[in-house]
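Here the structure comes first, spelled out in structure tokens, and everything after it is commentary.
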Amino acid sequence: QVQLVESGGGLVQPGGSLRLSCAASLKPFNTYAMAWHRQGQAPGKTRELVATITSDGSTNYADSAKGRFTISRDNAKNTVYLQMNSLKPEDTAVYYCNGKRLWYSYWGQGTQVTVSS
């Protein structure tokens with residue numbers, strides 16, 4: 001059974017940092033494109049793409065994440081990370097890990113990030 005397990009969320013003050021991790025049982029992991037998405041709790045908020053990393057390590061970011069967030073992967077550990085710096089209250093959301101290959105797409109259960117003073 002495929003599992004993606006996110007961790008590292010929590011409460012942080014504005015300007016602070018967090019590193020999210022996603023441990024995935026995808027095989028072979030290095031063939032999957034990985035991504036982080038988020039969904040805020042405000043009514044009408046939809047899930048939005050935050051960052052992606054391809055199987056060969058190319059990265060792409062939403063405008064809201066550029067310059068503050070860094071996505072990376074460790075294929076030996078079957079894990080993808082999201083380093084988040086200079087966090088803002090508007091970054092508050094549930095963050096989801098996604099793994100995609102061909103027509104397969106798998107999601108984790110999400111981890112809550114709350115940015116508040």
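All residue names refer to the structure tokens as shown: chains lettered A, B, ... in order, residues numbered from 1 in each chain, ligands numbered from 1 in order.
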
Give me the residues near stretch 20-27 of chain A as a list in words, where near means some atom within 9 Å (using only C-alpha atoms) and where sequence neighbours in that chain fewer than 3 positions away do not count.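 Answer for this query is Gln1, Val2, Gln3, Leu4, Val5, Glu6, Ser7, Gly8, Gly9, Asn30, Thr31, Tyr32, Lys77, Asn78, Thr79, Val80, Tyr81, Leu82, Gln83, Met84, Tyr95, Tyr96, Cys97, Asn98, Gly99, Tyr106, Gly108 and Thr111 of chain A.
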
Would you mind exporting N, CA and C atoms of the selected residues as an mmCIF file, in the first residue's frame?
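Wrote selection36.cif, looks like this:
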data_model
loop_
_atom_site.group_PDB
_atom_site.id
_atom_site.type_symbol
_atom_site.label_atom_id
_atom_site.label_comp_id
_atom_site.auth_asym_id
_atom_site.auth_seq_id
_atom_site.Cartn_x
_atom_site.Cartn_y
_atom_site.Cartn_z
ATOM 1 N N GLN A 1 0.841 -1.183 0.000
ATOM 2 C CA GLN A 1 0.000 0.000 0.000
ATOM 3 C C GLN A 1 0.881 1.239 0.000
ATOM 4 N N VAL A 2 0.592 2.156 -0.916
ATOM 5 C CA VAL A 2 1.375 3.383 -1.009
ATOM 6 C C VAL A 2 1.025 4.305 0.151
ATOM 7 N N GLN A 3 2.061 4.839 0.773
ATOM 8 C CA GLN A 3 1.864 5.804 1.846
ATOM 9 C C GLN A 3 2.790 6.989 1.676
ATOM 10 N N LEU A 4 2.252 8.173 1.892
ATOM 11 C CA LEU A 4 3.029 9.396 1.986
ATOM 12 C C LEU A 4 2.700 9.992 3.343
ATOM 13 N N VAL A 5 3.716 10.192 4.159
ATOM 14 C CA VAL A 5 3.504 10.656 5.523
ATOM 15 C C VAL A 5 4.252 11.958 5.729
ATOM 16 N N GLU A 6 3.484 13.036 5.913
ATOM 17 C CA GLU A 6 4.077 14.350 6.165
ATOM 18 C C GLU A 6 4.333 14.549 7.648
ATOM 19 N N SER A 7 5.345 15.343 7.948
ATOM 20 C CA SER A 7 5.650 15.725 9.323
ATOM 21 C C SER A 7 6.359 17.066 9.313
ATOM 22 N N GLY A 8 6.476 17.656 10.502
ATOM 23 C CA GLY A 8 7.222 18.901 10.631
ATOM 24 C C GLY A 8 6.376 20.148 10.750
ATOM 25 N N GLY A 9 5.070 20.007 10.635
ATOM 26 C CA GLY A 9 4.213 21.173 10.796
ATOM 27 C C GLY A 9 4.138 21.611 12.252
ATOM 28 N N ASN A 30 12.772 7.485 -7.011
ATOM 29 C CA ASN A 30 13.486 8.470 -7.822
ATOM 30 C C ASN A 30 12.856 8.685 -9.193
ATOM 31 N N THR A 31 11.825 7.930 -9.530
ATOM 32 C CA THR A 31 11.141 8.133 -10.803
ATOM 33 C C THR A 31 9.897 9.009 -10.656
ATOM 34 N N TYR A 32 9.561 9.377 -9.429
ATOM 35 C CA TYR A 32 8.360 10.171 -9.182
ATOM 36 C C TYR A 32 8.682 11.659 -9.118
ATOM 37 N N LYS A 77 16.563 8.233 0.968
ATOM 38 C CA LYS A 77 15.656 8.134 2.107
ATOM 39 C C LYS A 77 14.187 8.147 1.693
ATOM 40 N N ASN A 78 13.930 8.177 0.394
ATOM 41 C CA ASN A 78 12.546 8.241 -0.097
ATOM 42 C C ASN A 78 11.780 9.390 0.547
ATOM 43 N N THR A 79 12.418 10.537 0.616
ATOM 44 C CA THR A 79 11.846 11.667 1.349
ATOM 45 C C THR A 79 11.984 12.953 0.536
ATOM 46 N N VAL A 80 10.946 13.763 0.600
ATOM 47 C CA VAL A 80 10.984 15.100 0.009
ATOM 48 C C VAL A 80 10.769 16.107 1.134
ATOM 49 N N TYR A 81 11.421 17.243 1.011
ATOM 50 C CA TYR A 81 11.397 18.265 2.059
ATOM 51 C C TYR A 81 10.870 19.584 1.509
ATOM 52 N N LEU A 82 10.373 20.400 2.406
ATOM 53 C CA LEU A 82 10.041 21.782 2.081
ATOM 54 C C LEU A 82 10.573 22.657 3.210
ATOM 55 N N GLN A 83 11.644 23.369 2.922
ATOM 56 C CA GLN A 83 12.196 24.338 3.880
ATOM 57 C C GLN A 83 11.462 25.653 3.678
ATOM 58 N N MET A 84 10.841 26.135 4.731
ATOM 59 C CA MET A 84 10.049 27.365 4.652
ATOM 60 C C MET A 84 10.658 28.407 5.582
ATOM 61 N N TYR A 95 -0.559 21.503 4.697
ATOM 62 C CA TYR A 95 0.383 21.250 3.612
ATOM 63 C C TYR A 95 0.355 19.760 3.265
ATOM 64 N N TYR A 96 0.198 19.494 1.971
ATOM 65 C CA TYR A 96 0.067 18.125 1.480
ATOM 66 C C TYR A 96 1.226 17.778 0.547
ATOM 67 N N CYS A 97 1.702 16.568 0.690
ATOM 68 C CA CYS A 97 2.726 16.024 -0.192
ATOM 69 C C CYS A 97 2.036 15.228 -1.305
ATOM 70 N N ASN A 98 2.575 15.332 -2.513
ATOM 71 C CA ASN A 98 2.032 14.607 -3.656
ATOM 72 C C ASN A 98 3.155 13.970 -4.450
ATOM 73 N N GLY A 99 2.926 12.731 -4.863
ATOM 74 C CA GLY A 99 3.860 12.029 -5.735
ATOM 75 C C GLY A 99 3.152 11.621 -7.016
ATOM 76 N N TYR A 106 -0.466 10.235 -5.915
ATOM 77 C CA TYR A 106 -0.703 9.842 -4.537
ATOM 78 C C TYR A 106 -0.544 11.045 -3.618
ATOM 79 N N GLY A 108 -0.496 12.544 0.600
ATOM 80 C CA GLY A 108 -0.414 12.309 2.022
ATOM 81 C C GLY A 108 -1.627 12.879 2.725
ATOM 82 N N THR A 111 -0.169 18.067 6.848
ATOM 83 C CA THR A 111 0.351 18.520 8.132
ATOM 84 C C THR A 111 0.017 20.005 8.279
#

Contact check, stretch 46-87 of chain A to stretch 10-18 of chain A, at most 6 Å, counting only C-alpha atoms, closest pairs as a tab-separated table:
residue	atom	partner	partner_atom	distance
A:Met84	CA	A:Leu18	CA	5.3
A:Asn85	CA	A:Ser17	CA	4.4
A:Ser86	CA	A:Gly15	CA	4.1
A:Leu87	CA	A:Gly15	CA	4.9

Save the residues we just selected, all heavy atoms, as a PDB file, in the first residue's frame?
ATOM      1  N   MET A  84      10.841  26.135   4.731  1.00  0.00           N
ATOM      2  CA  MET A  84      10.049  27.365   4.652  1.00  0.00           C
ATOM      3  C   MET A  84      10.658  28.407   5.582  1.00  0.00           C
ATOM      4  O   MET A  84      10.741  28.179   6.799  1.00  0.00           O
ATOM      5  CB  MET A  84       8.595  27.088   5.039  1.00  0.00           C
ATOM      6  CG  MET A  84       7.951  25.997   4.204  1.00  0.00           C
ATOM      7  SD  MET A  84       6.176  25.819   4.527  1.00  0.00           S
ATOM      8  CE  MET A  84       6.217  25.240   6.221  1.00  0.00           C
ATOM      9  N   ASN A  85      11.088  29.513   5.021  1.00  0.00           N
ATOM     10  CA  ASN A  85      11.673  30.606   5.779  1.00  0.00           C
ATOM     11  C   ASN A  85      10.815  31.859   5.641  1.00  0.00           C
ATOM     12  O   ASN A  85       9.960  31.949   4.749  1.00  0.00           O
ATOM     13  CB  ASN A  85      13.092  30.899   5.273  1.00  0.00           C
ATOM     14  CG  ASN A  85      14.028  29.719   5.417  1.00  0.00           C
ATOM     15  OD1 ASN A  85      13.920  28.924   6.356  1.00  0.00           O
ATOM     16  ND2 ASN A  85      14.963  29.589   4.488  1.00  0.00           N
ATOM     17  N   SER A  86      11.056  32.805   6.519  1.00  0.00           N
ATOM     18  CA  SER A  86      10.333  34.099   6.479  1.00  0.00           C
ATOM     19  C   SER A  86       8.827  33.870   6.381  1.00  0.00           C
ATOM     20  O   SER A  86       8.138  34.469   5.551  1.00  0.00           O
ATOM     21  CB  SER A  86      10.815  34.935   5.294  1.00  0.00           C
ATOM     22  OG  SER A  86      12.208  35.159   5.371  1.00  0.00           O
ATOM     23  N   LEU A  87       8.324  33.009   7.241  1.00  0.00           N
ATOM     24  CA  LEU A  87       6.917  32.633   7.167  1.00  0.00           C
ATOM     25  C   LEU A  87       6.006  33.806   7.507  1.00  0.00           C
ATOM     26  O   LEU A  87       6.333  34.650   8.351  1.00  0.00           O
ATOM     27  CB  LEU A  87       6.638  31.452   8.083  1.00  0.00           C
ATOM     28  CG  LEU A  87       7.109  30.103   7.512  1.00  0.00           C
ATOM     29  CD1 LEU A  87       7.246  29.072   8.606  1.00  0.00           C
ATOM     30  CD2 LEU A  87       6.147  29.628   6.430  1.00  0.00           C
TER      31      LEU A  87
END

Using the chain letters and numbers from this document, which residues of chain A does DSSP assign to strand (DSSP E), as a PyMOL selection string? chain A and resi 4-7+10-12+18-24+33-39+48-53+59-61+69-74+79-84+93-101+104-107+111-115

If you take only C-alpha atoms and a cut-off of 8 Å, which residues of stretch 58-112 of chain A touch stretch 45-54 of chain A, and what are their nearest atom pairs and distances in Å to one decimal, in chain and number order, as a tab-separated table?
residue	atom	partner	partner_atom	distance
A:Ser58	CA	A:Thr54	CA	5.2
A:Thr59	CA	A:Ile53	CA	4.4
A:Asn60	CA	A:Thr52	CA	5.2
A:Tyr61	CA	A:Ala51	CA	4.4
A:Ala62	CA	A:Val50	CA	5.2
A:Ser64	CA	A:Val50	CA	7.8
A:Ala65	CA	A:Val50	CA	6.4
A:Thr70	CA	A:Ala51	CA	7.9
A:Ile71	CA	A:Ala51	CA	6.5
A:Ser72	CA	A:Ile53	CA	7.0
A:Arg73	CA	A:Ile53	CA	7.7

Would you work out the distance separating atom CA of A:Ser55 from atom CA of A:Asn75, expressed in Å to one decimal?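 A separation of 9.2 Å between them.
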
Gap from atom CA of A:Ser105 to atom CA of A:Ala33 - Å, one decimal: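 Going from atom CA of A:Ser105 over to atom CA of A:Ala33 covers 9.6 Å.
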
If we count only C-alpha atoms, what is near A:Ala93 at a cut-off of 7 Å, once residues fewer than 2 positions away on the same chain are taken out, given as a list in words? Arg38, Gln39, Gly40, Gln41, Asp91, Tyr95, Gln112, Val113 and Thr114 of chain A

How would the residues just chosen look if you wrote them out with N, CA and C atoms as a PDB file, in the first residue's frame?
ATOM      1  N   ARG A  38      -0.874  23.215  -0.685  1.00  0.00           N
ATOM      2  CA  ARG A  38      -1.443  23.648   0.591  1.00  0.00           C
ATOM      3  C   ARG A  38      -2.879  24.091   0.404  1.00  0.00           C
ATOM      4  N   GLN A  39      -3.613  24.034   1.497  1.00  0.00           N
ATOM      5  CA  GLN A  39      -5.004  24.473   1.485  1.00  0.00           C
ATOM      6  C   GLN A  39      -5.308  25.187   2.782  1.00  0.00           C
ATOM      7  N   GLY A  40      -5.657  26.466   2.668  1.00  0.00           N
ATOM      8  CA  GLY A  40      -6.014  27.249   3.836  1.00  0.00           C
ATOM      9  C   GLY A  40      -7.408  26.901   4.332  1.00  0.00           C
ATOM     10  N   GLN A  41      -7.698  27.345   5.552  1.00  0.00           N
ATOM     11  CA  GLN A  41      -8.984  27.000   6.167  1.00  0.00           C
ATOM     12  C   GLN A  41     -10.090  27.999   5.867  1.00  0.00           C
ATOM     13  N   ASP A  91       0.683  32.103   5.098  1.00  0.00           N
ATOM     14  CA  ASP A  91       1.176  30.755   4.810  1.00  0.00           C
ATOM     15  C   ASP A  91       0.451  29.689   5.632  1.00  0.00           C
ATOM     16  N   TYR A  95      -0.559  21.503   4.697  1.00  0.00           N
ATOM     17  CA  TYR A  95       0.383  21.250   3.612  1.00  0.00           C
ATOM     18  C   TYR A  95       0.355  19.760   3.265  1.00  0.00           C
ATOM     19  N   GLN A 112      -0.447  20.382   9.460  1.00  0.00           N
ATOM     20  CA  GLN A 112      -0.910  21.751   9.689  1.00  0.00           C
ATOM     21  C   GLN A 112       0.266  22.681   9.973  1.00  0.00           C
ATOM     22  N   VAL A 113       0.294  23.797   9.291  1.00  0.00           N
ATOM     23  CA  VAL A 113       1.251  24.877   9.558  1.00  0.00           C
ATOM     24  C   VAL A 113       0.449  26.110   9.951  1.00  0.00           C
ATOM     25  N   THR A 114       0.748  26.643  11.121  1.00  0.00           N
ATOM     26  CA  THR A 114       0.072  27.841  11.600  1.00  0.00           C
ATOM     27  C   THR A 114       1.117  28.901  11.900  1.00  0.00           C
TER      28      THR A 114
END
